[in-house]
Amino acid sequence: MNLEPVALLNSSAARVGRFAVALPYVLLIALMVWLLGWYWTTAASLEAVWAHSATFQHGYTILPISLALIWSRRRQLWEISPRPVFWPLLLLALLGLAWLLADLAEVAVVRQYALVLMAPVVVTALLGVRFAWAIAFPLMFLVLAVPFGEFLLPPMIEFTADFTVGALRLTGIPVFREGPNFTLPSGSWSVVEACSGLRYLIASFTLGCLYAYLNYRSLRYRLIFIALSLLVPILANGMRAYLIVIIGHLSNMQLAVGVDHYIYGWVFFGVVIGLLFWAGSFWREDMDAPKQAQQFKQDVVPTGASSAKLLMVALAGATLGALWPAYAVYVEPPLHSTNIRIAPPEVAGWQRTDVRLSTWRPHYMGARAHTNQVFEKNGRRVGLYIGYYNNQNERAKLISASNALTVTLADSWSTVSRENVETSIKEKASLLAEESKLRGPDGRLLAWHWYWVEGERTNSTYVTKMLQAKSRLLGRGDDSAVVILYTPTDDRVESSRAVLNEFIQDALPAVEKVLADVNRE
């Protein structure tokens with residue numbers, strides 16, 4: 001009896017079976033590479049932040065950790081047969097739309113989140129809900145690779161200053177405080193970006209999530225530990241700042257005022273995190289899975305999913321993934337001229353003067369054009385700054401973390417307080433601006449500022465971004481500007497507000513005419 005044809009058939013069947021088993025994973029890798037190619041600039045922007053910001057350098061470790069966690073569950077995953085589903089493709093489309101709107105508005109963090117979240121969606125679509133749920137934490141852990149949290153800087157600086165000053169007063173040390181700056185008999189201190197504790201908070205949260213996943217099984221314990229990993233570094237940073245000031249005060253400003261300032265901070269943070277993990281170990285839960293799940297069954301081979309359905313899901317995912325970057329290129333308006341000049345407006349009743357109000361200058365980088373002029377009327381002086389932006393990109397855009405009235409790391413000028421102010425203008429309209437009190441080496445300033453986008457005014461950075469996205473989506477470009485008024489002030493803030501209000505009544509029409517007449521061809 002000739003068994004050769006039977007052996008050939010069995011061999012062919014085995015190859016087909018292995019191909020069917022491998023096909024979902026091959027398609028998953030191919031689709032991931034495809035998406036990465038279309039969204040490469042967004043992925044590159046992630047790496048650029050990791051490389052240039054000490055706060056987010058942990059981003060390099062997120063993907064390797066996630067892959068290692070998935071690999072550690074390979075035995076359980078082997079027993080799960082891939083089951084492709086179509087409904088996650090709707091989420092993929094929504095993420096693509098979010099990416100498109102963020103791209104039009106130049107909101108890097110939303111673009112990055114949209115790209116990272118595509119990974120778990122694609123895994124769910126191709127391998128099924130059960131497979132994705134088995135590695136839900138490693139997949140969602142990827143979200144921590146996105147640089148996020150800089151908006152917490154102002155409140156964390158405020159809390160650290162409050163905590164430090166309060167602790168000093170409880171200690172019996174007299175303190176004079178103005179915003180993030182405070183003075184002791186031994187010297188002056190300022191809570192700046194590096195002292196805010198944001199780096200500690202982000203590092204603690206990342207480690208806390210990983211520790212909770214590896215050491216607890218119940219959701220309750222995991223959430224409690226993650227909450228502690230957020231609360232503890234905030235309180236610890238306040239204590240760290242207080243101890244550093246005490247060391248400086250008791251040493252007559254000889255210690256904790258240079259590089260040792262940061263060394264003490266990181267040593268203290270390491271001790272605090274070590275204590276947090278040590279305390280968390282007392283509630284560690286048994287992580288041993290049931291024996292049946294731990295056994296790797298050599299004779300169990302997952303059945304292959306329907307090849308036709310797999311290919312349909314993969315093709316639909318590839319099409320949806322490519323749609324949005326392609327559409328972004330399609331709706332991109334022609335570049336406007338970057339050879340722009342803005343002349344100071346002519347304001348009725350006010351004379352332009354070359355007298356400088358102070359050494360302060362707004363920190364708005366990348367403007368295509370700007371003007372900074374001082375006006376005078378009856379002995380009252382007001383400065384007017386206009387920064388104009390168009391053809392915006394990651395290095396030159398109106399709304400960014402680096403653009404502000406003052407820079408946190410600057411030693412000369414700082415923002416003492418912020419609040420919204422509304423002033424009536426002609427024709428029963430009103431203007432909403434953000435009021436800032438600035439403090440510097442040669443005095444104090446009261447500043448009002450707002451944003452202008454295609455004739456619309458707002459003091460909200462979020463609304464500005466939405467207006468820019470709408471303008472670009474309609475093919476009108478992204479021309480926008482920041483308008484800042486400032487005048488000297490003292491304890492009588494109301495008189496300074498009156499000066500700014502008087503100037504805005506006279507100057508607003510001329511300012512908006514200058515903005516509207518800018519040559520954007």
# chains A, B, ... in the order shown; residues from 1 in each chain; ligands from 1

$ residues_around --residues "Trp448 in chain A" --least-positions-apart "6" --cutoff "9 Å" --atoms "only C-alpha atoms" --output "PyMOL selection string"
chain A and resi 420-421+433-436+483-486+500

$ residues_around --residues "Gly443 in chain A" --least-positions-apart "4" --cutoff "12 Å" --atoms "only C-alpha atoms" --output "PyMOL selection string"
chain A and resi 357-360+412-414+437-439+487-491

$ select_by_dssp --residues "range 7-154 of chain A" --states "alpha helix (DSSP H)" --output "PyMOL selection string"
chain A and resi 7-38+40-52+59-72+74-78+88-105+108-127+129-134+136-141+153-154

$ residues_around --residues "Trp189 in chain A" --least-positions-apart "5" --cutoff "12 Å" --atoms "only C-alpha atoms" --output "ChimeraX atom specification"
/A:161,164-165,175-184,195,241-242,244-246,248-249,253,256-257,411

$ residues_around --residues "Asn393 in chain A" --least-positions-apart "2" --cutoff "10 Å" --atoms "only C-alpha atoms" --output "ChimeraX atom specification"
/A:103-108,366,390-391,395-398

$ residues_around --residues "Gly37 in chain A" --least-positions-apart "3" --cutoff "12 Å" --atoms "only C-alpha atoms" --output "PyMOL selection string"
chain A and resi 30-34+40-44+115+318+321-322+325

$ write_last_selection --atoms "C-alpha atoms" --output "short mmCIF file (atom, residue, chain, number, x, y, z; two decimals), in the first residue's frame"
data_model
loop_
_atom_site.label_atom_id
_atom_site.label_comp_id
_atom_site.auth_asym_id
_atom_site.auth_seq_id
_atom_site.Cartn_x
_atom_site.Cartn_y
_atom_site.Cartn_z
CA ALA A 30 1.56 44.29 8.98
CA LEU A 31 -1.31 46.60 9.97
CA MET A 32 0.74 48.10 12.81
CA VAL A 33 3.61 48.85 10.43
CA TRP A 34 1.15 50.28 7.88
CA TRP A 40 5.18 58.52 11.30
CA THR A 41 5.44 62.26 12.02
CA THR A 42 3.24 61.80 15.09
CA ALA A 43 5.37 58.91 16.33
CA ALA A 44 8.51 60.97 15.71
CA LEU A 115 -2.08 57.11 17.52
CA ALA A 318 -5.76 49.71 6.69
CA GLY A 321 -6.09 54.22 9.07
CA ALA A 322 -4.84 55.82 5.86
CA PRO A 325 -3.68 61.53 7.00
#

$ select_by_dssp --residues "range 152-197 of chain A" --states "strand (DSSP E or B)" --output "list in words"
Phe176, Arg177, Glu178, Asn181, Phe182, Thr183, Leu184, Gly187, Ser188, Trp189 and Ser190 of chain A

$ write_last_selection --atoms "C-alpha atoms" --output "mmCIF file, in the first residue's frame"
data_model
loop_
_atom_site.group_PDB
_atom_site.id
_atom_site.type_symbol
_atom_site.label_atom_id
_atom_site.label_comp_id
_atom_site.auth_asym_id
_atom_site.auth_seq_id
_atom_site.Cartn_x
_atom_site.Cartn_y
_atom_site.Cartn_z
ATOM 1 C CA PHE A 176 6.607 87.373 52.987
ATOM 2 C CA ARG A 177 4.979 85.785 49.957
ATOM 3 C CA GLU A 178 3.958 87.107 46.567
ATOM 4 C CA ASN A 181 8.057 83.960 45.350
ATOM 5 C CA PHE A 182 8.659 84.271 49.084
ATOM 6 C CA THR A 183 11.260 85.930 51.253
ATOM 7 C CA LEU A 184 12.749 84.828 54.585
ATOM 8 C CA GLY A 187 17.110 85.088 51.683
ATOM 9 C CA SER A 188 14.610 84.778 48.865
ATOM 10 C CA TRP A 189 13.152 81.672 47.240
ATOM 11 C CA SER A 190 10.942 80.943 44.248
#

$ residues_around --residues "Arg492 in chain A" --least-positions-apart "4" --cutoff "12 Å" --atoms "only C-alpha atoms" --output "PyMOL selection string"
chain A and resi 437+444-446+488+496-499

$ closest_residue --among "A:Tyr389, A:Val518, A:Glu150, A:Ile80" --to "Ala132 in chain A" --atoms "only C-alpha atoms"
A:Ile80

$ atom_distance --atom1 "CA of Ala369 in chain A" --atom2 "CA of Tyr385 in chain A"
10.8 Å
